[in-house]
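Text of the file data.cif, holding mmCIF, C-alpha atoms and all ligand atoms:
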data_coords
#
loop_
_atom_site.label_atom_id
_atom_site.label_comp_id
_atom_site.auth_asym_id
_atom_site.auth_seq_id
_atom_site.Cartn_x
_atom_site.Cartn_y
_atom_site.Cartn_z
CA MET A 36 21.18 22.59 14.17
CA ARG A 37 22.86 22.25 10.78
CA THR A 38 23.16 19.22 8.52
CA GLU A 39 23.45 18.38 4.84
CA VAL A 40 19.94 16.92 4.37
CA VAL A 41 17.03 17.59 6.73
CA ILE A 42 14.42 14.84 6.30
CA ILE A 43 10.83 15.45 7.38
CA GLY A 44 9.24 12.13 8.37
CA ALA A 45 10.78 8.97 9.85
CA GLY A 46 8.56 6.45 8.10
CA PRO A 47 10.05 3.99 5.61
CA ALA A 48 10.94 6.68 3.04
CA GLY A 49 12.67 8.96 5.54
CA LEU A 50 14.55 6.24 7.41
CA LEU A 51 15.68 4.49 4.22
CA LEU A 52 16.89 7.81 2.75
CA SER A 53 18.95 8.60 5.86
CA HIS A 54 20.35 5.04 5.76
CA LEU A 55 21.46 5.28 2.13
CA LEU A 56 22.88 8.80 2.57
CA ALA A 57 24.86 7.71 5.64
CA ALA A 58 26.32 4.82 3.63
CA ASP A 59 27.88 7.46 1.38
CA GLY A 60 28.94 9.70 4.24
CA VAL A 61 26.19 12.28 3.80
CA ASP A 62 24.84 13.62 7.08
CA SER A 63 21.10 14.02 7.76
CA ILE A 64 18.71 14.86 10.58
CA LEU A 65 15.14 13.54 10.68
CA LEU A 66 12.15 15.34 12.16
CA GLU A 67 9.18 13.11 13.06
CA SER A 68 5.82 14.23 14.46
CA ARG A 69 4.92 10.98 16.22
CA SER A 70 6.79 8.93 18.81
CA ARG A 71 9.27 6.24 17.80
CA ALA A 72 6.94 3.61 19.28
CA HIS A 73 3.91 4.93 17.37
CA VAL A 74 5.70 4.94 14.03
CA GLY A 75 7.02 1.44 14.69
CA ALA A 76 3.60 0.06 15.57
CA ARG A 77 1.75 1.12 12.41
CA ILE A 78 0.14 -1.77 10.53
CA ARG A 79 0.23 -0.98 6.80
CA ALA A 80 1.65 -2.60 3.69
CA GLY A 81 2.51 -6.25 3.44
CA VAL A 82 3.96 -7.16 0.04
CA LEU A 83 7.47 -6.29 -1.18
CA GLU A 84 8.35 -6.41 -4.87
CA GLN A 85 11.63 -8.02 -5.93
CA SER A 86 13.09 -4.58 -6.64
CA SER A 87 12.32 -3.48 -3.06
CA VAL A 88 13.88 -6.64 -1.66
CA ASP A 89 16.97 -5.96 -3.79
CA VAL A 90 17.27 -2.36 -2.49
CA LEU A 91 16.90 -3.38 1.15
CA THR A 92 19.31 -6.30 0.76
CA ALA A 93 21.95 -4.18 -1.01
CA ALA A 94 21.63 -1.65 1.85
CA GLY A 95 22.45 -4.37 4.40
CA LEU A 96 18.86 -4.54 5.63
CA GLY A 97 17.96 -7.95 4.23
CA ASP A 98 18.93 -10.46 6.95
CA ARG A 99 15.60 -10.69 8.83
CA LEU A 100 13.71 -10.11 5.60
CA LYS A 101 15.42 -13.17 4.11
CA ALA A 102 14.92 -15.24 7.26
CA GLU A 103 11.33 -14.26 8.08
CA GLY A 104 9.81 -12.94 4.86
CA GLY A 105 7.54 -15.35 3.02
CA GLU A 106 8.39 -15.73 -0.66
CA HIS A 107 5.16 -15.55 -2.67
CA ARG A 108 5.34 -16.54 -6.31
CA GLY A 109 1.91 -15.21 -7.20
CA ILE A 110 -1.63 -14.24 -6.22
CA TYR A 111 -5.11 -15.73 -6.58
CA LEU A 112 -7.89 -13.79 -8.24
CA THR A 113 -11.19 -15.42 -7.29
CA TRP A 114 -14.84 -14.83 -8.06
CA PRO A 115 -17.98 -16.97 -7.52
CA ASP A 116 -17.67 -18.84 -10.82
CA ASP A 117 -13.93 -19.42 -10.99
CA GLU A 118 -10.45 -18.48 -9.82
CA VAL A 119 -7.04 -18.05 -11.40
CA PHE A 120 -3.53 -18.14 -9.98
CA ILE A 121 -1.27 -15.49 -11.47
CA ASP A 122 2.14 -17.13 -11.27
CA PHE A 123 4.61 -14.21 -11.24
CA GLU A 124 7.61 -16.56 -11.18
CA GLU A 125 6.47 -18.48 -14.28
CA LEU A 126 5.35 -15.33 -16.12
CA THR A 127 8.16 -12.86 -15.26
CA GLY A 128 10.86 -14.83 -13.46
CA ARG A 129 10.36 -12.60 -10.40
CA SER A 130 8.33 -13.12 -7.25
CA THR A 131 7.26 -11.10 -4.21
CA VAL A 132 7.94 -11.37 -0.50
CA VAL A 133 5.28 -10.98 2.18
CA TYR A 134 6.99 -9.00 4.94
CA GLY A 135 4.95 -6.39 6.81
CA GLN A 136 5.82 -2.70 6.61
CA ALA A 137 6.10 -2.75 10.42
CA GLU A 138 8.98 -5.24 10.00
CA VAL A 139 10.69 -3.06 7.39
CA GLN A 140 10.29 -0.12 9.78
CA LYS A 141 11.79 -2.17 12.62
CA ASP A 142 14.84 -3.06 10.52
CA LEU A 143 15.31 0.56 9.42
CA ASP A 144 14.89 1.80 13.00
CA ALA A 145 17.46 -0.70 14.34
CA ALA A 146 19.95 0.37 11.67
CA ALA A 147 19.32 4.03 12.56
CA GLN A 148 20.02 3.29 16.22
CA ARG A 149 23.22 1.42 15.34
CA ARG A 150 24.61 4.35 13.33
CA GLY A 151 23.54 6.92 15.90
CA GLN A 152 21.14 8.60 13.47
CA GLN A 153 19.85 11.94 14.79
CA ILE A 154 16.02 11.81 14.81
CA VAL A 155 13.88 14.35 16.67
CA TYR A 156 10.57 12.63 17.54
CA GLU A 157 7.26 14.20 18.57
CA VAL A 158 7.85 17.50 16.83
CA SER A 159 4.96 19.80 15.87
CA ASP A 160 4.38 22.88 13.74
CA THR A 161 6.98 21.72 11.22
CA ARG A 162 7.54 24.41 8.57
CA VAL A 163 9.70 24.45 5.45
CA HIS A 164 11.52 27.70 4.56
CA ASP A 165 13.54 29.15 1.66
CA VAL A 166 13.62 26.04 -0.51
CA ASP A 167 14.23 28.35 -3.48
CA SER A 168 17.54 29.40 -1.92
CA ASP A 169 20.81 27.50 -1.34
CA SER A 170 20.19 27.63 2.40
CA PRO A 171 16.77 26.20 3.12
CA TYR A 172 15.77 25.41 6.67
CA VAL A 173 13.01 23.76 8.66
CA THR A 174 11.51 25.09 11.89
CA TYR A 175 9.49 23.10 14.39
CA LEU A 176 8.47 22.83 18.04
CA ASP A 177 10.04 19.98 19.99
CA ALA A 178 8.16 17.64 22.33
CA ASP A 179 8.39 20.27 25.09
CA GLY A 180 7.08 23.01 22.81
CA ALA A 181 10.49 24.69 22.50
CA PRO A 182 11.30 26.11 19.04
CA GLY A 183 13.83 24.28 16.90
CA ARG A 184 15.49 25.00 13.56
CA VAL A 185 17.53 22.80 11.21
CA GLU A 186 19.57 24.46 8.44
CA ALA A 187 20.58 22.27 5.55
CA ALA A 188 21.61 22.20 1.90
CA VAL A 189 18.60 20.05 1.00
CA VAL A 190 15.14 19.37 2.44
CA ALA A 191 13.68 15.88 1.82
CA GLY A 192 9.90 15.71 2.22
CA CYS A 193 9.19 12.16 3.40
CA ASP A 194 6.22 13.20 5.54
CA GLY A 195 3.49 11.10 3.95
CA SER A 196 -0.08 12.02 3.13
CA PHE A 197 -0.56 14.78 5.68
CA GLY A 198 2.84 16.45 6.07
CA PRO A 199 3.80 20.03 5.16
CA SER A 200 6.25 19.23 2.34
CA ARG A 201 3.69 18.69 -0.40
CA SER A 202 2.29 22.18 0.13
CA ALA A 203 5.77 23.71 0.36
CA VAL A 204 5.84 23.42 -3.43
CA PRO A 205 4.18 26.69 -4.54
CA GLU A 206 0.68 26.35 -5.95
CA ALA A 207 1.78 28.10 -9.15
CA VAL A 208 4.41 25.41 -9.71
CA ARG A 209 2.65 22.22 -8.65
CA THR A 210 -0.03 20.08 -10.26
CA ARG A 211 -2.14 17.68 -8.20
CA PHE A 212 -3.80 14.78 -10.01
CA GLU A 213 -6.39 13.15 -7.79
CA ARG A 214 -9.08 10.48 -7.94
CA VAL A 215 -11.21 9.62 -4.93
CA TYR A 216 -12.84 6.18 -4.99
CA PRO A 217 -16.39 5.53 -3.74
CA HIS A 218 -15.21 2.89 -1.28
CA SER A 219 -12.78 2.21 1.56
CA TRP A 220 -11.06 -0.85 2.98
CA LEU A 221 -11.83 -2.24 6.40
CA GLY A 222 -8.55 -3.94 7.37
CA VAL A 223 -8.11 -6.47 10.16
CA LEU A 224 -5.14 -8.21 11.71
CA ALA A 225 -6.08 -11.62 13.16
CA GLN A 226 -4.14 -14.02 15.38
CA VAL A 227 -4.92 -17.03 13.19
CA ALA A 228 -2.93 -19.03 10.66
CA PRO A 229 -3.63 -17.92 7.09
CA SER A 230 -6.21 -20.05 5.28
CA THR A 231 -4.40 -19.57 1.99
CA ASP A 232 -0.85 -20.10 0.74
CA HIS A 233 -0.89 -16.95 -1.42
CA VAL A 234 -2.68 -13.59 -1.23
CA ARG A 235 -6.30 -13.91 -2.43
CA TYR A 236 -8.08 -11.00 -4.16
CA ALA A 237 -11.81 -11.79 -4.35
CA TRP A 238 -14.38 -10.15 -6.61
CA HIS A 239 -17.94 -10.45 -5.28
CA SER A 240 -21.18 -8.67 -6.19
CA ASP A 241 -21.46 -7.70 -2.50
CA GLY A 242 -17.98 -6.16 -2.49
CA PHE A 243 -14.26 -6.90 -2.69
CA ALA A 244 -12.38 -8.95 -0.09
CA MET A 245 -8.75 -9.91 0.34
CA HIS A 246 -6.88 -12.51 2.35
CA SER A 247 -3.24 -11.67 3.00
CA MET A 248 -0.96 -12.56 5.86
CA ARG A 249 1.96 -11.45 8.04
CA SER A 250 3.36 -14.78 9.25
CA SER A 251 2.39 -18.45 9.70
CA SER A 252 0.24 -17.41 12.68
CA VAL A 253 -1.01 -13.93 11.72
CA SER A 254 -3.49 -13.15 8.95
CA ARG A 255 -4.20 -9.78 7.35
CA LEU A 256 -7.61 -9.39 5.69
CA TYR A 257 -9.56 -6.59 4.06
CA LEU A 258 -13.18 -5.86 3.10
CA GLN A 259 -14.56 -3.24 0.75
CA VAL A 260 -16.85 -0.96 2.76
CA PRO A 261 -18.59 2.34 1.94
CA ASN A 262 -16.69 5.57 2.62
CA GLY A 263 -17.45 6.90 6.09
CA THR A 264 -17.90 3.37 7.53
CA ASP A 265 -18.02 3.33 11.33
CA LEU A 266 -15.98 0.45 12.80
CA ALA A 267 -18.58 0.25 15.59
CA ASP A 268 -20.99 -1.20 12.99
CA TRP A 269 -18.64 -4.11 12.32
CA SER A 270 -18.51 -6.78 15.01
CA ASP A 271 -15.84 -9.46 14.72
CA ASP A 272 -18.57 -11.98 13.80
CA ARG A 273 -19.93 -9.74 11.07
CA ILE A 274 -16.41 -9.25 9.70
CA TRP A 275 -15.68 -12.98 9.56
CA GLU A 276 -19.08 -13.83 8.08
CA THR A 277 -18.63 -11.23 5.35
CA LEU A 278 -15.06 -12.31 4.63
CA SER A 279 -16.13 -15.94 4.42
CA HIS A 280 -18.97 -15.10 2.03
CA ARG A 281 -16.99 -12.87 -0.31
CA LEU A 282 -13.81 -14.98 -0.29
CA GLY A 283 -15.92 -18.03 -1.18
CA SER A 284 -15.19 -20.22 1.82
CA GLY A 285 -16.33 -23.77 1.06
CA ARG A 286 -15.75 -23.34 -2.68
CA ARG A 287 -13.01 -25.07 -4.66
CA GLY A 288 -11.30 -26.41 -1.54
CA PHE A 289 -10.87 -23.03 0.17
CA HIS A 290 -12.02 -22.78 3.81
CA LEU A 291 -11.57 -19.59 5.83
CA THR A 292 -10.58 -20.13 9.46
CA SER A 293 -11.49 -17.27 11.80
CA GLY A 294 -9.65 -16.19 14.95
CA PRO A 295 -9.14 -13.31 17.40
CA ILE A 296 -8.99 -9.91 15.68
CA THR A 297 -6.19 -7.80 17.20
CA GLU A 298 -6.41 -4.65 15.05
CA LYS A 299 -9.12 -2.99 12.93
CA SER A 300 -8.94 0.13 10.75
CA VAL A 301 -10.77 1.79 7.87
CA LEU A 302 -8.63 3.16 5.02
CA PRO A 303 -10.32 5.44 2.49
CA MET A 304 -9.02 4.95 -1.04
CA ARG A 305 -7.68 7.58 -3.38
CA SER A 306 -5.07 8.14 -6.05
CA LEU A 307 -3.00 11.28 -5.83
CA VAL A 308 0.11 12.33 -7.70
CA GLN A 309 1.75 15.72 -7.21
CA THR A 310 4.22 16.94 -9.78
CA PRO A 311 6.99 17.92 -9.83
CA MET A 312 8.64 15.89 -7.04
CA ARG A 313 11.36 18.51 -6.74
CA HIS A 314 11.20 22.25 -6.24
CA GLY A 315 14.45 24.14 -5.64
CA GLN A 316 16.23 22.36 -2.80
CA LEU A 317 13.08 20.45 -1.73
CA PHE A 318 12.74 16.84 -2.90
CA LEU A 319 9.58 14.77 -2.23
CA ALA A 320 9.61 10.98 -1.83
CA GLY A 321 6.99 8.37 -0.94
CA ASP A 322 3.45 9.23 0.11
CA ALA A 323 4.43 12.92 0.32
CA ALA A 324 4.34 12.88 -3.49
CA HIS A 325 1.85 10.14 -4.31
CA ILE A 326 -0.95 8.09 -2.76
CA LEU A 327 -2.26 4.87 -4.29
CA PRO A 328 -5.18 2.60 -3.45
CA PRO A 329 -3.54 -0.45 -1.80
CA THR A 330 -5.15 -2.88 -4.29
CA GLY A 331 -1.94 -2.93 -6.30
CA ALA A 332 0.34 -3.34 -3.25
CA LYS A 333 2.41 -0.42 -4.51
CA GLY A 334 2.53 2.25 -1.77
CA LEU A 335 5.54 1.07 0.18
CA ASN A 336 7.31 -0.27 -2.92
CA LEU A 337 7.02 3.08 -4.67
CA ALA A 338 8.42 4.88 -1.60
CA ILE A 339 11.43 2.56 -1.71
CA ALA A 340 11.86 3.12 -5.46
CA ASP A 341 11.74 6.93 -5.01
CA VAL A 342 14.41 6.82 -2.31
CA ALA A 343 16.62 4.44 -4.30
CA LEU A 344 16.64 7.13 -7.00
CA LEU A 345 16.88 10.14 -4.66
CA ALA A 346 19.77 9.01 -2.47
CA PRO A 347 22.40 8.77 -5.26
CA ALA A 348 21.09 12.03 -6.72
CA LEU A 349 21.71 13.84 -3.42
CA VAL A 350 25.12 12.22 -2.94
CA SER A 351 26.18 13.39 -6.43
CA LEU A 352 24.80 16.85 -5.75
CA LEU A 353 26.42 17.27 -2.33
CA ARG A 354 29.70 15.41 -2.86
CA LYS A 355 30.53 16.15 -6.51
CA ASP A 356 28.41 19.23 -7.21
CA ASP A 357 26.99 17.11 -10.04
CA HIS A 358 23.39 18.19 -10.68
CA VAL A 359 22.45 15.71 -13.43
CA LEU A 360 20.69 13.09 -11.27
CA ALA A 361 19.03 15.71 -9.05
CA GLU A 362 17.67 17.51 -12.10
CA SER A 363 16.25 14.28 -13.56
CA TYR A 364 14.94 12.87 -10.27
CA SER A 365 11.36 14.06 -10.60
CA ASP A 366 10.88 13.02 -14.25
CA LEU A 367 12.46 9.60 -13.68
CA ALA A 368 10.60 8.90 -10.43
CA LEU A 369 7.29 9.95 -11.99
CA ARG A 370 7.61 7.36 -14.78
CA ARG A 371 7.36 4.57 -12.22
CA VAL A 372 4.83 6.54 -10.14
CA TRP A 373 2.43 6.80 -13.08
CA ARG A 374 2.93 3.13 -14.05
CA ALA A 375 2.13 2.06 -10.48
CA THR A 376 -0.72 4.56 -10.26
CA HIS A 377 -2.32 3.16 -13.40
CA PHE A 378 -1.91 -0.43 -12.17
CA ALA A 379 -3.37 0.33 -8.73
CA TRP A 380 -6.30 2.11 -10.41
CA TRP A 381 -6.87 -0.83 -12.78
CA MET A 382 -6.82 -3.44 -9.98
CA THR A 383 -9.15 -1.24 -7.90
CA ASP A 384 -11.55 -0.64 -10.77
CA MET A 385 -11.59 -4.34 -11.74
CA LEU A 386 -12.21 -5.71 -8.25
CA HIS A 387 -14.45 -3.25 -6.38
CA THR A 388 -18.17 -3.51 -7.00
CA GLY A 389 -20.97 -0.99 -6.86
CA SER A 390 -24.50 -0.72 -8.17
CA ASP A 391 -23.63 -0.57 -11.90
CA PRO A 392 -24.50 -3.89 -13.65
CA PHE A 393 -22.63 -2.83 -16.81
CA ALA A 394 -19.43 -2.26 -14.78
CA ALA A 395 -19.88 -5.65 -13.10
CA GLN A 396 -20.00 -7.40 -16.48
CA LEU A 397 -16.85 -5.61 -17.61
CA GLN A 398 -15.12 -6.70 -14.39
CA LEU A 399 -16.14 -10.34 -14.81
CA SER A 400 -15.06 -10.24 -18.44
CA GLN A 401 -11.59 -9.02 -17.38
CA LEU A 402 -11.33 -11.80 -14.80
CA ARG A 403 -12.35 -14.43 -17.36
CA TRP A 404 -9.82 -12.95 -19.80
CA LEU A 405 -7.07 -13.25 -17.16
CA ALA A 406 -8.08 -16.86 -16.55
CA SER A 407 -7.92 -17.69 -20.27
CA SER A 408 -5.04 -15.57 -21.58
CA HIS A 409 -1.34 -16.07 -20.88
CA ALA A 410 -0.73 -12.59 -22.31
CA ALA A 411 -3.24 -11.02 -19.92
CA ARG A 412 -1.70 -12.79 -16.92
CA THR A 413 1.77 -11.70 -18.06
CA GLY A 414 0.63 -8.07 -18.18
CA LEU A 415 -0.72 -8.23 -14.63
CA ALA A 416 2.37 -10.07 -13.37
CA GLU A 417 4.75 -7.56 -14.97
CA ASN A 418 3.02 -4.69 -13.18
CA PHE A 419 2.55 -6.45 -9.85
CA ALA A 420 5.97 -8.06 -9.46
CA GLY A 421 8.06 -7.46 -12.50
CA LEU A 422 8.72 -3.74 -12.63
CA SER A 423 12.42 -2.89 -12.57
CA LEU A 424 13.47 -0.26 -10.08
CA HIS A 425 13.29 2.50 -12.68
CA ILE A 426 11.41 2.23 -15.93
P1 LIG B 501 4.57 7.37 5.86
O1 LIG B 501 3.22 7.97 5.97
O2 LIG B 501 4.75 5.92 6.19
O3 LIG B 501 5.61 8.17 6.77
C1 LIG B 501 5.54 9.58 6.86
C2 LIG B 501 6.02 9.98 8.25
O4 LIG B 501 6.02 11.41 8.32
C3 LIG B 501 5.10 9.47 9.34
O5 LIG B 501 5.83 8.78 10.32
C4 LIG B 501 4.46 10.73 9.89
O6 LIG B 501 4.20 10.64 11.28
C5 LIG B 501 5.51 11.78 9.58
N1 LIG B 501 4.98 13.14 9.47
C6 LIG B 501 3.80 13.53 8.96
N2 LIG B 501 3.63 14.86 9.09
C7 LIG B 501 4.76 15.33 9.72
C8 LIG B 501 5.18 16.62 10.15
N3 LIG B 501 4.40 17.68 9.97
N4 LIG B 501 6.38 16.73 10.76
C9 LIG B 501 7.16 15.64 10.95
N5 LIG B 501 6.81 14.38 10.58
C10 LIG B 501 5.62 14.24 9.97
N6 LIG B 501 0.41 0.41 1.12
C11 LIG B 501 0.38 -0.85 0.63
O7 LIG B 501 1.12 -1.14 -0.32
N7 LIG B 501 -0.46 -1.78 1.16
C12 LIG B 501 -1.30 -1.51 2.22
O8 LIG B 501 -2.06 -2.35 2.67
C13 LIG B 501 -1.28 -0.21 2.77
N8 LIG B 501 -2.07 0.09 3.84
C14 LIG B 501 -2.04 1.37 4.33
C15 LIG B 501 -2.84 1.72 5.44
C16 LIG B 501 -2.86 3.03 5.93
C17 LIG B 501 -3.74 3.38 7.12
C18 LIG B 501 -2.06 4.03 5.30
C19 LIG B 501 -2.09 5.47 5.77
C20 LIG B 501 -1.24 3.69 4.22
C21 LIG B 501 -1.22 2.35 3.74
N9 LIG B 501 -0.40 1.98 2.67
C22 LIG B 501 -0.40 0.73 2.17
C23 LIG B 501 0.52 2.91 2.10
C24 LIG B 501 1.72 3.00 3.03
O9 LIG B 501 2.29 1.73 3.18
C25 LIG B 501 2.68 4.00 2.44
O10 LIG B 501 2.87 3.78 1.05
C26 LIG B 501 4.02 4.03 3.11
O11 LIG B 501 3.81 4.20 4.49
C27 LIG B 501 4.82 5.18 2.50
O12 LIG B 501 5.88 5.47 3.32
P2 LIG B 501 6.30 7.01 3.59
O13 LIG B 501 6.34 7.72 2.31
O14 LIG B 501 7.51 6.95 4.45
O15 LIG B 501 5.07 7.65 4.38
C1 LIG B 502 -1.22 -6.62 2.83
O1 LIG B 502 -0.72 -7.75 3.08
O2 LIG B 502 -1.41 -5.75 3.72
C2 LIG B 502 -1.59 -6.28 1.41
C3 LIG B 502 -1.33 -7.19 0.40
C4 LIG B 502 -1.66 -6.87 -0.90
C5 LIG B 502 -2.25 -5.64 -1.16
C6 LIG B 502 -2.50 -4.72 -0.13
C7 LIG B 502 -2.17 -5.04 1.17
O3 LIG B 502 -2.59 -5.30 -2.44
#

What's the structure tokens form of this structure?
Amino acid sequence: MRTEVVIIGAGPAGLLLSHLLAADGVDSILLESRSRAHVGARIRAGVLEQSSVDVLTAAGLGDRLKAEGGEHRGIYLTWPDDEVFIDFEELTGRSTVVYGQAEVQKDLDAAAQRRGQQIVYEVSDTRVHDVDSDSPYVTYLDADGAPGRVEAAVVAGCDGSFGPSRSAVPEAVRTRFERVYPHSWLGVLAQVAPSTDHVRYAWHSDGFAMHSMRSSSVSRLYLQVPNGTDLADWSDDRIWETLSHRLGSGRRGFHLTSGPITEKSVLPMRSLVQTPMRHGQLFLAGDAAHILPPTGAKGLNLAIADVALLAPALVSLLRKDDHVLAESYSDLALRRVWRATHFAWWMTDMLHTGSDPFAAQLQLSQLRWLASSHAARTGLAENFAGLSLHI
């Protein structure tokens, strides 16, 4: 097969890129290793920044988001002695929308179906070739094991944490910055109305906890657990008891209501940034280029920001032979990547507890500072909700 842009990965980055390219008449083909149903069923991110909402709305993908997304003007930071509401709206004039990544994926998938987007699902052995040339191509095996090949002018690596694109940038050219954290998140989806009106991030000496949500009847909650945690060790009762304890149920008018847990998973936490995000005719976007701990709610938002920068760059390159945006893509994208990476690291470091009493005092001091300082709250709000699409 031949196309203008071959996209590896049909997650949010890949599907949004194909959507934006198609809007400007640029043809693409997507190669995806999992089934359409599997990709659509993944439970992941939950919070969209204003800039992400703006990109999706401008792309004609905002109808359901507007109708079903829950506008959230801020977050609670809580700890045993106190709590503070960080009012993004008051501090930055921007808010966030709680709208699950699975919903974003559904909207992108429906749009892809409507435009007749060519997506090859359940591929394997995907390999990237000749990205240093003007005629790169990607080979793969289709669902029946038959060999396939897509020739293109550009390869877009949107294949997430474990795809082949990241390593298609030669070792001599790439730099990987990585930090592995000593804890993971145990995430649950529960068929119960949220017990809070805004996302709650809770510091506790026993470990971090978070109460988020997906709708008026579905809650999304997380617990800090050690790396290597076995889900079999965590009964539903133990999960609810631990959430209740760490979130401070019964304190300051907050009461956690439990309910049936419909999904459980353990997500190890790390920060990774690979530079550059372009090599030859290969462009990386989303988790293929960077991984963040979800404490800053940045993963999906950064993928959207990358694509919002990459799509016009590829249109200029392929339609006008104008290389300016393509040549600046990596440097520009990385400015926001590093800002988000720092913020996600800071939120993770401030809220996750271990055995170091000195670190615990520093964390509590930061929380008290946020409770007492308008400037401190403004700094957090700017990073959580106020970043413009490109900084
Ligand atoms: P994705 O990983 O979503 O998509 C990449 C796609 O490429 C996948 O469909 C994959 O199947 C496909 N692929 C991989 N290898 C391939 C190959 N060899 N050939 C073809 N296709 C291939 N972010 C938050 O902000 N909040 C959260 O709570 C949160 N929770 C998360 C939980 C988990 C378990 C994970 C893994 C991530 C979570 N994230 C969270 C981050 C997540 O939301 C990502 O930022 C987001 O999915 C990024 O989108 P993509 O870059 O499209 O990558
Ligand atoms: C979620 O709703 O899944 C969520 C919210 C905020 C985060 C991470 C995940 O920081």

>> Need the shell around segment 246-254 of chain A: protein/DNA/RNA residues with any atom at most 7 Å away, counting only C-alpha atoms. Skip same-chain ones fewer than 5 positions apart. Format as a list in words?
In response: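 Everything that qualifies: Gly81, Val133, Tyr134, Gly135, Leu224, Ala225, Gln226, Val227, Ala228, Pro229, Val234, Arg235 and Tyr236 of chain A.
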
May I have the residues from that selection written out with C-alpha atoms, as a PDB file, in the frame of the given file?
ATOM      1  CA  GLY A  81       2.510  -6.250   3.440  1.00  0.00           C
ATOM      2  CA  VAL A 133       5.280 -10.980   2.180  1.00  0.00           C
ATOM      3  CA  TYR A 134       6.990  -9.000   4.940  1.00  0.00           C
ATOM      4  CA  GLY A 135       4.950  -6.390   6.810  1.00  0.00           C
ATOM      5  CA  LEU A 224      -5.140  -8.210  11.710  1.00  0.00           C
ATOM      6  CA  ALA A 225      -6.080 -11.620  13.160  1.00  0.00           C
ATOM      7  CA  GLN A 226      -4.140 -14.020  15.380  1.00  0.00           C
ATOM      8  CA  VAL A 227      -4.920 -17.030  13.190  1.00  0.00           C
ATOM      9  CA  ALA A 228      -2.930 -19.030  10.660  1.00  0.00           C
ATOM     10  CA  PRO A 229      -3.630 -17.920   7.090  1.00  0.00           C
ATOM     11  CA  VAL A 234      -2.680 -13.590  -1.230  1.00  0.00           C
ATOM     12  CA  ARG A 235      -6.300 -13.910  -2.430  1.00  0.00           C
ATOM     13  CA  TYR A 236      -8.080 -11.000  -4.160  1.00  0.00           C
TER      14      TYR A 236
END

Near ligand LIG 501 (chain B), 6 Å: chain A residue rows, closest pairs, all atoms listed in the file, as a Markdown table:
| residue | atom | partner | partner_atom | distance |
| --- | --- | --- | --- | --- |
| A:Ile43 | CA | B:LIG501 | C9 | 5.1 |
| A:Gly44 | CA | B:LIG501 | O4 | 3.3 |
| A:Ala45 | CA | B:LIG501 | O5 | 5.0 |
| A:Gly46 | CA | B:LIG501 | O3 | 3.7 |
| A:Pro47 | CA | B:LIG501 | O14 | 4.1 |
| A:Ala48 | CA | B:LIG501 | O14 | 3.7 |
| A:Gly49 | CA | B:LIG501 | O14 | 5.6 |
| A:Leu66 | CA | B:LIG501 | C9 | 5.1 |
| A:Glu67 | CA | B:LIG501 | N5 | 3.7 |
| A:Ser68 | CA | B:LIG501 | N5 | 4.0 |
| A:Arg69 | CA | B:LIG501 | O6 | 5.0 |
| A:Val74 | CA | B:LIG501 | O5 | 5.3 |
| A:Arg79 | CA | B:LIG501 | N8 | 3.9 |
| A:Ala80 | CA | B:LIG501 | N7 | 3.4 |
| A:Gly81 | CA | B:LIG501 | N7 | 5.8 |
| A:Thr161 | CA | B:LIG501 | N3 | 5.0 |
| A:Cys193 | CA | B:LIG501 | O13 | 5.4 |
| A:Asp194 | CA | B:LIG501 | O4 | 3.3 |
| A:Gly195 | CA | B:LIG501 | O1 | 3.7 |
| A:Ser196 | CA | B:LIG501 | O1 | 5.9 |
| A:Phe197 | CA | B:LIG501 | N2 | 5.4 |
| A:Gly198 | CA | B:LIG501 | N2 | 3.5 |
| A:Pro199 | CA | B:LIG501 | N3 | 5.4 |
| A:Leu302 | CA | B:LIG501 | C17 | 5.3 |
| A:Gly321 | CA | B:LIG501 | O13 | 3.4 |
| A:Asp322 | CA | B:LIG501 | O13 | 3.9 |
| A:Ala323 | CA | B:LIG501 | O13 | 5.9 |
| A:Pro329 | CA | B:LIG501 | N7 | 4.5 |
| A:Ala332 | CA | B:LIG501 | O7 | 3.7 |
| A:Lys333 | CA | B:LIG501 | O7 | 4.4 |
| A:Gly334 | CA | B:LIG501 | O10 | 3.2 |
| A:Leu335 | CA | B:LIG501 | O10 | 3.9 |
| A:Ala338 | CA | B:LIG501 | O13 | 5.3 |

> With all atoms listed in the file as the basis for distance, which of A:Trp114, A:Arg354, A:Asp144, A:Ile296 is at the shortest distance from Glu39 of chain A?
Replying inline: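 Between A:Trp114, A:Arg354, A:Asp144, A:Ile296, the residue approaching Glu39 of chain A most closely is A:Arg354.
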
>> Just the number, please: distance in Å from atom CA of Met385 of chain A to atom CA of Val308 of chain A, one decimal.
In response: 20.8 Å

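For the choices A:Ala368, A:Leu65, A:Ala72, A:Ile78, the atom-to-atom distance to ligand LIG 502 (chain B) is smallest for A:Ile78 when using only C-alpha atoms and all ligand atoms.
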
>> Just checking: using only C-alpha atoms, which residue out of A:Arg108, A:Lys141, A:Arg371, A:Arg313 ends up closest to Glu125 of chain A?
In response: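 For Glu125 of chain A, the nearest of the candidates is A:Arg108.
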
>> Give me, as JSON, numbers by chain, all polymer residues having an atom no more than 8 Å from Leu307 of chain A, counting all atoms listed in the file and skipping those fewer than 4 positions away in the same chain.
In response: {"A": [211, 212, 213, 214, 324, 325, 326, 327]}

> So what do you get for atom CA of Leu83 of chain A versus atom CA of Leu369 of chain A, distance-wise?
Replying inline: 19.5 Å
